[in-house]
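One file, protein-v8.cif, is given below (mmCIF, C-alpha atoms).
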```
data_upload
loop_
_atom_site.label_atom_id
_atom_site.label_comp_id
_atom_site.auth_asym_id
_atom_site.auth_seq_id
_atom_site.Cartn_x
_atom_site.Cartn_y
_atom_site.Cartn_z
CA MET A 660 -79.68 245.88 77.87
CA ILE A 661 -77.99 245.97 81.30
CA PHE A 662 -81.34 245.16 82.94
CA ASP A 663 -81.69 242.10 80.68
CA LYS A 664 -78.25 240.80 81.69
CA ILE A 665 -78.98 241.26 85.40
CA TYR A 666 -82.41 239.69 85.00
CA LYS A 667 -80.94 236.68 83.15
CA ARG A 668 -78.37 236.15 85.92
CA LEU A 669 -81.10 236.27 88.57
CA CYS A 670 -83.23 233.79 86.59
CA ILE A 671 -80.32 231.38 86.19
CA LYS A 672 -79.41 231.63 89.88
CA LYS A 673 -83.03 230.95 90.83
CA ALA A 674 -83.24 228.03 88.37
CA LYS A 675 -80.17 226.40 89.91
CA LYS A 676 -81.61 226.77 93.44
CA ILE A 677 -84.92 225.24 92.38
CA CYS A 678 -83.12 222.41 90.58
CA ASN A 679 -81.05 221.64 93.68
CA GLU A 680 -84.17 221.60 95.86
CA CYS A 681 -86.28 219.30 93.72
CA CYS A 682 -83.98 217.02 91.70
CA SER A 683 -83.93 214.23 94.27
CA TYR A 684 -87.74 213.93 94.03
CA ILE A 685 -87.92 213.70 90.23
CA GLU A 686 -88.76 210.23 88.99
CA GLY A 687 -88.36 209.45 85.29
CA SER A 688 -89.68 211.81 82.62
CA LEU A 689 -90.60 215.38 83.57
CA LEU A 690 -93.18 217.87 82.35
CA ASP A 691 -92.33 221.44 83.36
CA VAL A 692 -95.68 223.26 83.34
CA GLY A 693 -95.33 227.02 82.95
CA SER A 694 -91.69 226.60 81.99
CA GLY A 695 -91.14 230.23 81.00
CA ARG A 696 -87.59 230.76 79.80
CA GLY A 697 -86.79 227.07 80.30
CA TYR A 698 -83.83 227.59 82.63
CA ILE A 699 -85.19 225.33 85.38
CA ALA A 700 -85.89 222.52 82.92
CA LYS A 701 -82.43 222.99 81.39
CA TYR A 702 -80.64 222.62 84.72
CA ILE A 703 -82.77 219.64 85.70
CA TYR A 704 -81.90 217.98 82.39
CA GLN A 705 -78.20 218.75 82.82
CA LYS A 706 -78.18 217.44 86.40
CA THR A 707 -80.31 214.33 85.89
CA GLY A 708 -80.21 213.47 82.18
CA LYS A 709 -83.93 212.70 82.39
CA LYS A 710 -86.32 213.43 79.53
CA VAL A 711 -87.76 216.95 80.02
CA GLN A 712 -90.69 218.55 78.18
CA CYS A 713 -91.49 222.25 78.61
CA LEU A 714 -95.10 223.45 78.47
CA ASP A 715 -96.41 227.01 78.58
CA VAL A 716 -99.13 229.32 77.30
CA LYS A 717 -96.52 231.63 75.80
CA ASN A 718 -93.18 230.78 74.18
CA LEU A 719 -90.51 232.51 76.27
CA ASN A 720 -88.09 229.58 75.97
CA LEU A 721 -84.41 230.59 75.75
CA THR A 722 -83.03 227.04 75.76
CA ASN A 723 -82.78 224.25 73.21
CA LEU A 724 -85.33 222.11 75.08
CA PRO A 725 -88.64 221.39 73.36
CA VAL A 726 -91.55 223.61 74.37
CA ARG A 727 -95.18 222.90 73.62
CA LEU A 728 -97.75 225.65 73.77
CA TYR A 729 -101.26 225.11 75.11
CA ASP A 730 -104.42 227.04 75.96
CA GLY A 731 -103.88 227.11 79.73
CA LYS A 732 -106.86 224.80 80.27
CA LYS A 733 -106.27 221.29 78.94
CA ILE A 734 -102.72 219.95 78.96
CA PRO A 735 -102.20 218.42 75.49
CA PHE A 736 -100.85 215.07 76.64
CA LYS A 737 -102.52 211.76 77.45
CA ALA A 738 -103.16 210.64 81.03
CA ASN A 739 -100.07 209.34 82.83
CA SER A 740 -97.71 210.67 80.13
CA PHE A 741 -94.99 211.84 82.55
CA ASP A 742 -93.55 210.33 85.70
CA THR A 743 -93.16 213.76 87.30
CA VAL A 744 -94.87 217.10 86.77
CA LEU A 745 -93.24 220.33 87.95
CA LEU A 746 -94.96 223.69 88.51
CA CYS A 747 -92.67 226.53 89.56
CA TYR A 748 -94.58 229.60 90.72
CA VAL A 749 -97.33 228.91 88.20
CA LEU A 750 -100.54 228.18 90.10
CA HIS A 751 -101.15 231.76 91.27
CA HIS A 752 -100.95 232.87 87.61
CA ALA A 753 -103.65 230.46 86.46
CA LYS A 754 -107.21 231.67 86.00
CA ASN A 755 -108.31 228.46 87.69
CA PRO A 756 -105.41 226.97 89.67
CA ILE A 757 -107.40 223.95 90.87
CA ASN A 758 -108.34 222.96 87.32
CA LEU A 759 -104.68 223.31 86.30
CA LEU A 760 -103.67 221.16 89.25
CA LYS A 761 -106.26 218.52 88.21
CA GLU A 762 -104.75 218.51 84.73
CA CYS A 763 -101.28 218.01 86.22
CA ILE A 764 -102.59 215.09 88.27
CA ARG A 765 -104.09 213.61 85.10
CA VAL A 766 -100.82 213.67 83.09
CA SER A 767 -98.58 212.61 86.00
CA LYS A 768 -97.92 208.96 86.72
CA LYS A 769 -96.31 209.47 90.12
CA VAL A 770 -95.00 212.78 91.45
CA ILE A 771 -96.06 216.42 91.35
CA ILE A 772 -93.63 219.04 92.58
CA ILE A 773 -94.95 222.54 93.22
CA PHE A 774 -93.09 225.69 94.11
CA GLU A 775 -95.50 228.44 95.08
CA ASP A 776 -95.49 231.86 96.67
CA ASN A 777 -97.16 232.50 99.98
CA ALA A 778 -97.75 236.19 99.37
CA ASP A 779 -100.22 237.46 101.91
CA SER A 780 -99.34 241.15 101.98
CA LEU A 781 -100.43 244.09 99.86
CA LEU A 782 -96.78 244.94 99.08
CA ALA A 783 -96.07 241.41 97.86
CA ASN A 784 -99.17 241.44 95.65
CA LEU A 785 -98.27 244.83 94.16
CA LEU A 786 -94.70 243.65 93.47
CA ASP A 787 -96.01 240.49 91.82
CA ILE A 788 -98.32 242.48 89.56
CA ALA A 789 -95.60 244.98 88.60
CA TYR A 790 -92.91 242.34 88.02
CA ASN A 791 -95.14 240.18 85.85
CA LYS A 792 -96.63 243.08 83.87
CA LEU A 793 -93.07 243.86 82.71
CA HIS A 794 -92.95 240.40 81.15
CA GLY A 795 -96.53 240.21 79.86
CA VAL A 796 -97.51 237.49 82.32
CA ASN A 797 -101.07 237.16 83.63
CA THR A 798 -101.35 237.84 87.37
CA PRO A 799 -104.81 237.13 88.80
CA LEU A 800 -103.28 236.82 92.33
CA ASN A 801 -104.67 233.38 93.06
CA PHE A 802 -102.49 232.93 96.12
CA LYS A 803 -103.28 230.41 98.84
CA ASN A 804 -101.53 229.96 102.13
CA VAL A 805 -99.91 226.66 103.12
CA ASP A 806 -102.94 225.38 105.02
CA GLU A 807 -105.25 226.15 102.08
CA TRP A 808 -102.95 224.27 99.70
CA ILE A 809 -102.76 221.30 102.08
CA GLU A 810 -106.57 221.14 102.14
CA GLU A 811 -106.71 221.27 98.32
CA PHE A 812 -104.10 218.50 97.99
CA LYS A 813 -106.01 216.28 100.41
CA ARG A 814 -109.30 217.00 98.64
CA LEU A 815 -107.69 215.96 95.35
CA GLY A 816 -106.40 212.71 96.87
CA LEU A 817 -102.71 213.59 96.79
CA LYS A 818 -100.26 212.31 99.37
CA ILE A 819 -97.95 214.99 100.77
CA ILE A 820 -94.35 213.74 100.75
CA LYS A 821 -92.64 216.98 101.75
CA ILE A 822 -93.35 220.62 102.48
CA LYS A 823 -90.36 222.91 102.62
CA ARG A 824 -90.86 226.54 103.55
CA GLY A 825 -88.39 229.30 102.73
CA VAL A 826 -86.78 227.40 99.85
CA GLU A 827 -85.38 230.61 98.44
CA LYS A 828 -85.31 234.24 99.43
CA GLN A 829 -85.10 237.18 97.09
CA TRP A 830 -84.05 240.58 98.39
CA PHE A 831 -86.06 242.28 95.64
CA TYR A 832 -89.26 240.45 96.59
CA PRO A 833 -89.87 241.13 100.31
CA GLY A 834 -92.83 239.69 102.16
CA VAL A 835 -93.03 236.59 99.99
CA GLU A 836 -92.30 233.13 101.31
CA HIS A 837 -91.38 230.48 98.74
CA ILE A 838 -92.65 226.99 99.48
CA MET A 839 -91.98 223.61 97.88
CA PHE A 840 -94.61 220.88 97.97
CA VAL A 841 -93.75 217.36 96.88
CA LEU A 842 -96.85 215.29 96.23
CA ARG A 843 -97.56 211.74 95.13
CA LYS A 844 -100.55 210.31 93.33
CA VAL A 845 -102.23 207.57 95.32
#
```
Same coordinates, now as structure tokens:
Amino acid sequence: MIFDKIYKRLCIKKAKKICNECCSYIEGSLLDVGSGRGYIAKYIYQKTGKKVQCLDVKNLNLTNLPVRLYDGKKIPFKANSFDTVLLCYVLHHAKNPINLLKECIRVSKKVIIIFEDNADSLLANLLDIAYNKLHGVNTPLNFKNVDEWIEEFKRLGLKIIKIKRGVEKQWFYPGVEHIMFVLRKV
């Protein structure tokens, strides 16, 4: 019970930080892929008033925002359905992160915002596995470093608008750098 309260506070604090980092890049409607508990989407909606749709493979939503479940492979929306697509620490959980990214490109009209971990140490990987096992979240450790992501984005024809390193630090997650990528379809 006490752990749940502390965990919720940490999640809300993190959601507010992410919201503050990315809100100025959100254009129009938003699809939050891998929305989890929905806190990030909730704060984005409260701050911007923009239409927000949550999407995940598992319903962990603790907000009143709509969540749609999907198979983790094909996003169940038509091409160009959302102005902006957001992925917060999702790609390294995907069995095939590049296919997921291609799906996000397909459903986005304009902008894709990605927050991702740059976890290149054994300790960081072990912490990620342990943390996510507690919550029943798949952790195939599909991490890439910044240069590898940049190459993937270029290969997929995305224009890099911004890369921000160290967007948030967590004392309980040492050795992990959090990075924000803002990308535009061309």
Would you tabulate, counting only C-alpha atoms, all residues of stretch 675-694 of chain A that have an atom at most 10 Å from an atom of stretch 769-776 of chain A, showing the closest pair of atoms and their distance in Å to one decimal, sorted by chain then ascending number, as CSV?
```
residue,atom,partner,partner_atom,distance
A:Ile677,CA,A:Phe774,CA,8.4
A:Glu680,CA,A:Phe774,CA,10.0
A:Cys681,CA,A:Ile772,CA,7.4
A:Cys682,CA,A:Ile772,CA,9.9
A:Tyr684,CA,A:Val770,CA,7.8
A:Ile685,CA,A:Val770,CA,7.2
A:Glu686,CA,A:Val770,CA,7.2
A:Gly687,CA,A:Lys769,CA,9.3
A:Leu689,CA,A:Val770,CA,9.4
A:Leu690,CA,A:Ile771,CA,9.6
A:Asp691,CA,A:Ile772,CA,9.6
A:Val692,CA,A:Ile773,CA,9.9
```
Q: Show which residues sit within 12 Å of stretch 698-711 of chain A, as a PyMOL selection string. Count only C-alpha atoms, and ignore same-chain residues fewer than 5 positions away.
A: chain A and resi 667-693+719-727+740-748+774
Q.
Could you tell me, as a ChimeraX atom specification, exactly which residues end up selected when the PyMOL selection byres ((chain A and resi 755-764) around 9) is applied to this structure?
A. /A:690,692,731-734,738-739,744-746,749-754,765-771,801,811,815,817,844
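Remark: for A:Leu800, the closest of the candidate residues A:Leu786, A:Ile661, A:Leu714, A:Ile822 is A:Leu786 (distances computed over all atoms listed in the file).
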Q | Sel. within 10 Å of pt (-101.7, 229.9, 102.9), counting only C-alpha atoms, output as JSON, numbers by chain | A | {"A": [776, 777, 778, 779, 802, 803, 804, 805, 806, 807, 808, 809]}
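Interatomic distance, atom CA of A:Ser694 to atom CA of A:Leu785: 22.9 Å.
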Q: Would you work out the distance separating atom CA of A:Asp787 from atom CA of A:Ile838, expressed in Å to one decimal?
A: 15.9 Å
Q.
I'd like the interatomic distance between atom CA of A:Val716 and atom CA of A:Ile819, to a tenth of an Å.
A. 27.5 Å
